[in-house]
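What's in upload-v3.pdb: PDB, C-alpha atoms
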ATOM      1  CA  MET A   1     198.742 213.799  98.470
ATOM      2  CA  THR A   2     198.974 211.685  95.318
ATOM      3  CA  LYS A   3     197.325 208.315  95.642
ATOM      4  CA  PRO A   4     199.864 205.501  95.134
ATOM      5  CA  ARG A   5     199.576 203.324  92.044
ATOM      6  CA  TYR A   6     200.559 199.676  92.138
ATOM      7  CA  GLY A   7     201.856 197.678  89.228
ATOM      8  CA  ILE A   8     203.062 194.228  88.265
ATOM      9  CA  TRP A   9     205.971 192.978  86.166
ATOM     10  CA  ALA A  10     204.841 190.878  83.225
ATOM     11  CA  PRO A  11     206.700 187.519  83.333
ATOM     12  CA  VAL A  12     208.179 187.879  79.841
ATOM     13  CA  GLY A  13     211.380 186.141  80.954
ATOM     14  CA  GLY A  14     209.596 183.377  82.825
ATOM     15  CA  ASN A  15     208.925 183.184  86.526
ATOM     16  CA  PHE A  16     211.842 183.463  88.958
ATOM     17  CA  GLY A  17     210.691 180.665  91.277
ATOM     18  CA  PRO A  18     212.048 177.758  89.175
ATOM     19  CA  LEU A  19     215.604 178.994  89.743
ATOM     20  CA  ASN A  20     215.241 177.685  93.286
ATOM     21  CA  THR A  21     212.450 175.145  92.776
ATOM     22  CA  PRO A  22     213.363 173.074  89.705
ATOM     23  CA  GLU A  23     210.104 171.128  89.815
ATOM     24  CA  GLU A  24     208.254 174.298  88.775
ATOM     25  CA  PRO A  25     208.618 174.900  85.024
ATOM     26  CA  VAL A  26     209.914 178.164  83.644
ATOM     27  CA  ASP A  27     207.090 179.670  81.604
ATOM     28  CA  ALA A  28     207.594 182.807  79.501
ATOM     29  CA  SER A  29     204.626 182.091  77.248
ATOM     30  CA  TYR A  30     202.168 184.741  76.153
ATOM     31  CA  GLU A  31     199.343 182.606  77.565
ATOM     32  CA  ARG A  32     200.792 182.823  81.076
ATOM     33  CA  THR A  33     201.548 186.528  80.791
ATOM     34  CA  ARG A  34     198.021 187.246  79.561
ATOM     35  CA  SER A  35     196.487 185.221  82.379
ATOM     36  CA  LEU A  36     198.501 187.017  85.079
ATOM     37  CA  ILE A  37     197.874 190.504  83.672
ATOM     38  CA  LEU A  38     194.139 189.857  83.422
ATOM     39  CA  GLU A  39     194.177 188.707  87.057
ATOM     40  CA  ALA A  40     196.168 191.810  88.060
ATOM     41  CA  GLU A  41     193.598 193.989  86.308
ATOM     42  CA  ARG A  42     190.775 192.183  88.100
ATOM     43  CA  LEU A  43     192.519 192.787  91.444
ATOM     44  CA  GLY A  44     192.834 196.514  90.740
ATOM     45  CA  TYR A  45     196.479 196.897  89.775
ATOM     46  CA  ALA A  46     196.995 200.136  87.861
ATOM     47  CA  THR A  47     199.854 199.247  85.555
ATOM     48  CA  THR A  48     202.085 196.515  84.163
ATOM     49  CA  LEU A  49     205.657 196.819  82.927
ATOM     50  CA  VAL A  50     206.726 194.583  80.057
ATOM     51  CA  ALA A  51     210.537 194.417  80.071
ATOM     52  CA  GLN A  52     212.520 194.240  76.847
ATOM     53  CA  HIS A  53     215.211 191.731  75.984
ATOM     54  CA  ILE A  54     215.726 189.837  72.765
ATOM     55  CA  ALA A  55     217.600 187.161  74.732
ATOM     56  CA  ASN A  56     216.946 186.126  78.319
ATOM     57  CA  PRO A  57     219.572 187.899  80.499
ATOM     58  CA  ARG A  58     219.696 185.005  82.969
ATOM     59  CA  SER A  59     220.530 182.340  80.410
ATOM     60  CA  LEU A  60     220.346 181.872  76.655
ATOM     61  CA  GLU A  61     218.709 178.532  77.396
ATOM     62  CA  LEU A  62     215.685 180.244  78.977
ATOM     63  CA  GLU A  63     212.620 181.490  77.116
ATOM     64  CA  GLN A  64     212.013 185.186  76.453
ATOM     65  CA  LEU A  65     208.727 186.676  75.247
ATOM     66  CA  GLU A  66     209.011 189.486  72.692
ATOM     67  CA  THR A  67     207.865 192.756  74.241
ATOM     68  CA  TRP A  68     206.081 194.735  71.562
ATOM     69  CA  THR A  69     203.999 191.986  70.019
ATOM     70  CA  ALA A  70     203.001 190.952  73.552
ATOM     71  CA  CYS A  71     201.997 194.535  74.410
ATOM     72  CA  ALA A  72     199.797 194.795  71.331
ATOM     73  CA  ALA A  73     198.038 191.570  72.310
ATOM     74  CA  LEU A  74     197.690 192.648  75.963
ATOM     75  CA  ALA A  75     196.212 195.963  74.809
ATOM     76  CA  GLU A  76     193.447 194.027  73.071
ATOM     77  CA  ALA A  77     192.955 191.571  75.934
ATOM     78  CA  THR A  78     192.648 194.130  78.759
ATOM     79  CA  GLU A  79     190.294 197.019  79.504
ATOM     80  CA  ARG A  80     191.716 199.247  82.262
ATOM     81  CA  ILE A  81     195.319 198.477  83.185
ATOM     82  CA  GLU A  82     198.103 200.708  81.840
ATOM     83  CA  ILE A  83     200.559 198.811  79.634
ATOM     84  CA  ILE A  84     204.164 200.043  79.765
ATOM     85  CA  ALA A  85     206.539 198.650  77.151
ATOM     86  CA  ALA A  86     210.241 198.935  77.860
ATOM     87  CA  ILE A  87     212.154 200.148  74.828
ATOM     88  CA  LYS A  88     215.867 200.088  74.038
ATOM     89  CA  PRO A  89     216.426 202.771  71.382
ATOM     90  CA  LEU A  90     219.366 200.840  69.912
ATOM     91  CA  LEU A  91     216.936 198.152  68.732
ATOM     92  CA  PHE A  92     214.393 200.337  66.907
ATOM     93  CA  HIS A  93     214.630 203.292  64.559
ATOM     94  CA  PRO A  94     212.605 206.097  66.189
ATOM     95  CA  ALA A  95     210.213 206.456  63.239
ATOM     96  CA  VAL A  96     209.431 202.719  63.281
ATOM     97  CA  LEU A  97     208.951 202.735  67.040
ATOM     98  CA  ALA A  98     206.783 205.862  66.987
ATOM     99  CA  LYS A  99     204.438 204.225  64.491
ATOM    100  CA  MET A 100     204.274 200.976  66.480
ATOM    101  CA  ALA A 101     203.522 202.868  69.691
ATOM    102  CA  LEU A 102     200.723 204.837  68.050
ATOM    103  CA  GLY A 103     199.199 201.550  66.959
ATOM    104  CA  ILE A 104     199.206 200.114  70.478
ATOM    105  CA  ASP A 105     197.941 203.428  71.862
ATOM    106  CA  ALA A 106     194.942 203.066  69.532
ATOM    107  CA  ILE A 107     194.365 199.390  70.387
ATOM    108  CA  SER A 108     194.487 200.160  74.123
ATOM    109  CA  ASN A 109     192.369 203.320  73.824
ATOM    110  CA  GLY A 110     195.093 205.474  75.344
ATOM    111  CA  ARG A 111     196.408 203.062  78.017
ATOM    112  CA  PHE A 112     199.870 202.629  76.525
ATOM    113  CA  ALA A 113     203.213 204.052  77.725
ATOM    114  CA  ILE A 114     206.925 203.438  77.148
ATOM    115  CA  ASN A 115     209.803 202.945  79.567
ATOM    116  CA  LEU A 116     212.987 204.253  77.952
ATOM    117  CA  ILE A 117     216.023 202.075  78.715
ATOM    118  CA  SER A 118     219.365 203.137  77.251
ATOM    119  CA  ALA A 119     220.517 199.489  77.162
ATOM    120  CA  TRP A 120     222.616 197.626  79.672
ATOM    121  CA  PHE A 121     222.671 193.960  78.616
ATOM    122  CA  LYS A 122     225.647 194.038  76.298
ATOM    123  CA  PRO A 123     225.714 190.312  75.331
ATOM    124  CA  GLU A 124     222.425 190.473  73.406
ATOM    125  CA  MET A 125     223.862 193.334  71.352
ATOM    126  CA  GLU A 126     227.195 191.598  70.753
ATOM    127  CA  ARG A 127     225.563 188.363  69.621
ATOM    128  CA  THR A 128     223.450 190.210  67.053
ATOM    129  CA  ASN A 129     226.286 192.564  66.031
ATOM    130  CA  ILE A 130     224.167 195.589  66.950
ATOM    131  CA  PRO A 131     226.524 198.473  67.843
ATOM    132  CA  PHE A 132     226.756 199.124  71.590
ATOM    133  CA  PRO A 133     228.201 202.626  72.178
ATOM    134  CA  PRO A 134     229.801 203.679  75.476
ATOM    135  CA  HIS A 135     227.473 204.587  78.360
ATOM    136  CA  ASP A 136     227.385 208.371  77.919
ATOM    137  CA  GLU A 137     226.960 208.141  74.157
ATOM    138  CA  ARG A 138     223.990 205.811  74.616
ATOM    139  CA  TYR A 139     222.260 208.586  76.558
ATOM    140  CA  ARG A 140     223.019 211.127  73.842
ATOM    141  CA  TYR A 141     221.610 208.699  71.320
ATOM    142  CA  SER A 142     218.522 208.125  73.482
ATOM    143  CA  GLY A 143     217.948 211.859  73.848
ATOM    144  CA  GLU A 144     217.946 212.424  70.107
ATOM    145  CA  TRP A 145     215.892 209.267  69.551
ATOM    146  CA  LEU A 146     213.261 210.474  72.007
ATOM    147  CA  GLN A 147     213.126 213.887  70.372
ATOM    148  CA  VAL A 148     212.274 212.244  67.048
ATOM    149  CA  VAL A 149     209.638 209.966  68.602
ATOM    150  CA  LYS A 150     207.869 212.796  70.416
ATOM    151  CA  SER A 151     207.924 214.966  67.295
ATOM    152  CA  LEU A 152     206.287 212.214  65.257
ATOM    153  CA  TRP A 153     203.734 211.564  67.997
ATOM    154  CA  SER A 154     202.705 215.213  67.753
ATOM    155  CA  GLY A 155     200.930 214.609  64.448
ATOM    156  CA  GLU A 156     202.884 217.404  62.771
ATOM    157  CA  ARG A 157     205.023 217.082  59.659
ATOM    158  CA  VAL A 158     208.557 216.466  60.912
ATOM    159  CA  ASN A 159     211.891 217.519  59.439
ATOM    160  CA  PHE A 160     214.816 216.644  61.688
ATOM    161  CA  GLN A 161     218.579 216.629  61.274
ATOM    162  CA  GLY A 162     220.680 215.345  64.164
ATOM    163  CA  GLU A 163     223.865 213.458  64.933
ATOM    164  CA  TYR A 164     222.201 210.061  64.591
ATOM    165  CA  PHE A 165     218.936 210.541  62.691
ATOM    166  CA  LYS A 166     217.603 212.409  59.702
ATOM    167  CA  ILE A 167     213.837 212.672  59.154
ATOM    168  CA  GLU A 168     212.494 214.305  56.004
ATOM    169  CA  ASP A 169     208.920 215.489  55.587
ATOM    170  CA  LEU A 170     207.283 212.729  57.657
ATOM    171  CA  SER A 171     204.047 212.696  59.651
ATOM    172  CA  PHE A 172     201.925 210.040  61.365
ATOM    173  CA  PRO A 173     198.311 211.238  61.679
ATOM    174  CA  PRO A 174     196.204 210.904  63.674
ATOM    175  CA  THR A 175     197.752 211.927  66.985
ATOM    176  CA  SER A 176     197.680 209.545  69.928
ATOM    177  CA  ILE A 177     194.614 209.036  72.095
ATOM    178  CA  ALA A 178     196.771 209.681  75.156
ATOM    179  CA  GLN A 179     197.448 213.417  75.235
ATOM    180  CA  PRO A 180     199.712 215.178  74.649
ATOM    181  CA  HIS A 181     201.347 211.820  73.808
ATOM    182  CA  PRO A 182     201.793 208.386  75.411
ATOM    183  CA  PRO A 183     203.515 208.713  78.803
ATOM    184  CA  ILE A 184     207.287 208.223  78.876
ATOM    185  CA  TYR A 185     208.906 206.695  81.957
ATOM    186  CA  LEU A 186     212.626 207.122  82.549
ATOM    187  CA  GLY A 187     214.795 205.659  85.249
ATOM    188  CA  GLY A 188     218.450 205.004  85.980
ATOM    189  CA  ALA A 189     221.098 204.942  88.685
ATOM    190  CA  SER A 190     224.051 206.643  86.969
ATOM    191  CA  ASP A 191     224.722 210.382  87.234
ATOM    192  CA  LEU A 192     223.867 210.896  83.574
ATOM    193  CA  ALA A 193     220.675 208.890  83.934
ATOM    194  CA  GLN A 194     219.648 211.101  86.843
ATOM    195  CA  ILE A 195     220.231 214.206  84.736
ATOM    196  CA  PHE A 196     218.437 212.670  81.763
ATOM    197  CA  SER A 197     215.407 211.911  83.952
ATOM    198  CA  CYS A 198     215.384 215.420  85.453
ATOM    199  CA  GLY A 199     217.159 214.484  88.656
ATOM    200  CA  THR A 200     214.507 212.138  90.023
ATOM    201  CA  GLY A 201     215.621 208.764  88.722
ATOM    202  CA  ARG A 202     212.002 208.117  87.784
ATOM    203  CA  TYR A 203     210.241 210.823  85.878
ATOM    204  CA  LEU A 204     207.161 211.083  83.726
ATOM    205  CA  LEU A 205     207.927 213.359  80.814
ATOM    206  CA  HIS A 206     205.279 215.827  79.681
TER     207      HIS A 206
END
Could you quickly redo this structure as structure tokens?
Amino acid sequence: MTKPRYGIWAPVGGNFGPLNTPEEPVDASYERTRSLILEAERLGYATTLVAQHIANPRSLELEQLETWTACAALAEATERIEIIAAIKPLLFHPAVLAKMALGIDAISNGRFAINLISAWFKPEMERTNIPFPPHDERYRYSGEWLQVVKSLWSGERVNFQGEYFKIEDLSFPPTSIAQPHPPIYLGGASDLAQIFSCGTGRYLLH
């Protein structure tokens, strides 16, 4: 039987308590996130998930810590805990993201993973004028995006022609410390999300 692993959400959107206890300040600072993740590591937690939003989904007036810069810093600050960065493919070209992920994989010595989210918070896309395709198309986009990322993580020279992306003669040596590549977590409640994540709703791609 597989031993359970326990994780903690990084408070990148601030703590939830102040919504009901106004005397407690909302704090989405990196300092607070770092402190809590270091404490979680000390207590033996196996992993932390760093959610991704460019605007706080509860209110535009609330703070929101940027995910990928925070993950790079947490990779340096910690020693054992797995760091999972949520990623919305609509926000990052796959080649740019693949290179960023390889950097954090190196900083963390192979403790880095991504959580693929095909976007759901439409307002942050509308306010930045980033295209927000219909639900099923977002999954097609994510599938092609992930194919490009994994190909670049392989360390091989990549040539790719798809519906959304074209990659010409590109490679990112060296390969990741995590083998065969950084873990990829997928999850979703819709029928297409279940299919995309191999029918489990939460699947670690190999």
Please list, as a ChimeraX atom specification, the residues that have an atom at most 8 Å away from (214.7, 195.2, 75.0) in the coordinates of this file, counting all atoms listed in the file. /A:51-54,67,86-88,91,117,119
Atomic separation - CA of Ala73 (chain A) relative to CA of Gly44 (chain A), Å: 19.8 Å
Give as a PyMOL selection string the set of residues within 12 Å of the point (197.9, 215.8, 76.1), where distances use the file's coordinates and only C-alpha atoms. chain A and resi 110+150+153-154+175-183+205-206
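Minimum atom-to-atom distance to His93 (chain A), evaluated using all atoms listed in the file, belongs to A:Ser142 out of A:Ser29, A:Ser142, A:Asn159, A:Thr2.
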Exercise: Ala28 (chain A) partners within 9 Å, all atoms listed in the file, chain neighbours under 2 positions left out, as a PDB file with C-alpha atoms, in the frame of the given file:
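around.pdb, written as the output of this step:
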ATOM      1  CA  PRO A  11     206.700 187.519  83.333  1.00  0.00           C
ATOM      2  CA  VAL A  12     208.179 187.879  79.841  1.00  0.00           C
ATOM      3  CA  GLY A  13     211.380 186.141  80.954  1.00  0.00           C
ATOM      4  CA  GLY A  14     209.596 183.377  82.825  1.00  0.00           C
ATOM      5  CA  ASN A  15     208.925 183.184  86.526  1.00  0.00           C
ATOM      6  CA  VAL A  26     209.914 178.164  83.644  1.00  0.00           C
ATOM      7  CA  TYR A  30     202.168 184.741  76.153  1.00  0.00           C
ATOM      8  CA  GLU A  31     199.343 182.606  77.565  1.00  0.00           C
ATOM      9  CA  ARG A  32     200.792 182.823  81.076  1.00  0.00           C
ATOM     10  CA  THR A  33     201.548 186.528  80.791  1.00  0.00           C
ATOM     11  CA  LEU A  62     215.685 180.244  78.977  1.00  0.00           C
ATOM     12  CA  GLU A  63     212.620 181.490  77.116  1.00  0.00           C
ATOM     13  CA  GLN A  64     212.013 185.186  76.453  1.00  0.00           C
ATOM     14  CA  LEU A  65     208.727 186.676  75.247  1.00  0.00           C
TER      15      LEU A  65
END
Evaluate the PyMOL selection byres ((chain A and resi 111) around 9) on the structure here and hand back the selected residues as a count of residues only. 19
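When all atoms listed in the file are used to measure the gap to Gly155 (chain A), the shortest distance among A:Phe132, A:Trp120, A:Phe172, A:Trp68 belongs to A:Phe172.
Nearest to Tyr139 (chain A) of all the residues A:Glu76, A:Val158, A:Pro89, A:Met100 is A:Pro89, based on all atoms listed in the file.
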Could you name the residues that touch region 146-149 of chain A at 8 Å or less, counting all atoms listed in the file, but leaving out those on the same chain fewer than 3 positions away, as a PyMOL selection string? chain A and resi 94-95+97-98+142-143+152-153+160
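Across the model, the gap from CA of Thr69 (chain A) to CA of Leu170 (chain A) is 24.4 Å.
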At a cut-off of 6 Å, using only C-alpha atoms, what residues contact Tyr45 (chain A)? Leave out same-chain residues fewer than 2 positions from it and give the result as a PyMOL selection string. chain A and resi 6-7+40-41+43+47
Please determine, counting only C-alpha atoms, which residue among A:Ala85, A:Asn115, A:Leu74, A:Glu124 has the shortest atom-to-atom distance to Leu60 (chain A). A:Glu124
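Reported to one decimal place, the separation of CA of Met125 (chain A) from CA of Cys71 (chain A) is 22.1 Å.
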Would you compute the box with edges along x, y and z of the file around region 171-189 of chain A, including every atom the file lists for it and 4 Å extra on each side, and give its centre and edge lengths in Å to one decimal, as lines of an AutoDock Vina configuration file?
center_x = 207.9
center_y = 210.1
center_z = 74.2
size_x = 34.5
size_y = 18.2
size_z = 37.0
Residue with the minimum atom-to-atom distance to Ala72 (chain A), picked from A:Leu38, A:Asp136, A:Leu49, A:Gly103 with only C-alpha atoms counted, is A:Gly103
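Residues matched by the PyMOL selection byres ((chain A and resi 163) around 10) in this file are Arg140, Tyr141, Glu144, Gln161, Gly162, Tyr164, Phe165 and Lys166 of chain A.
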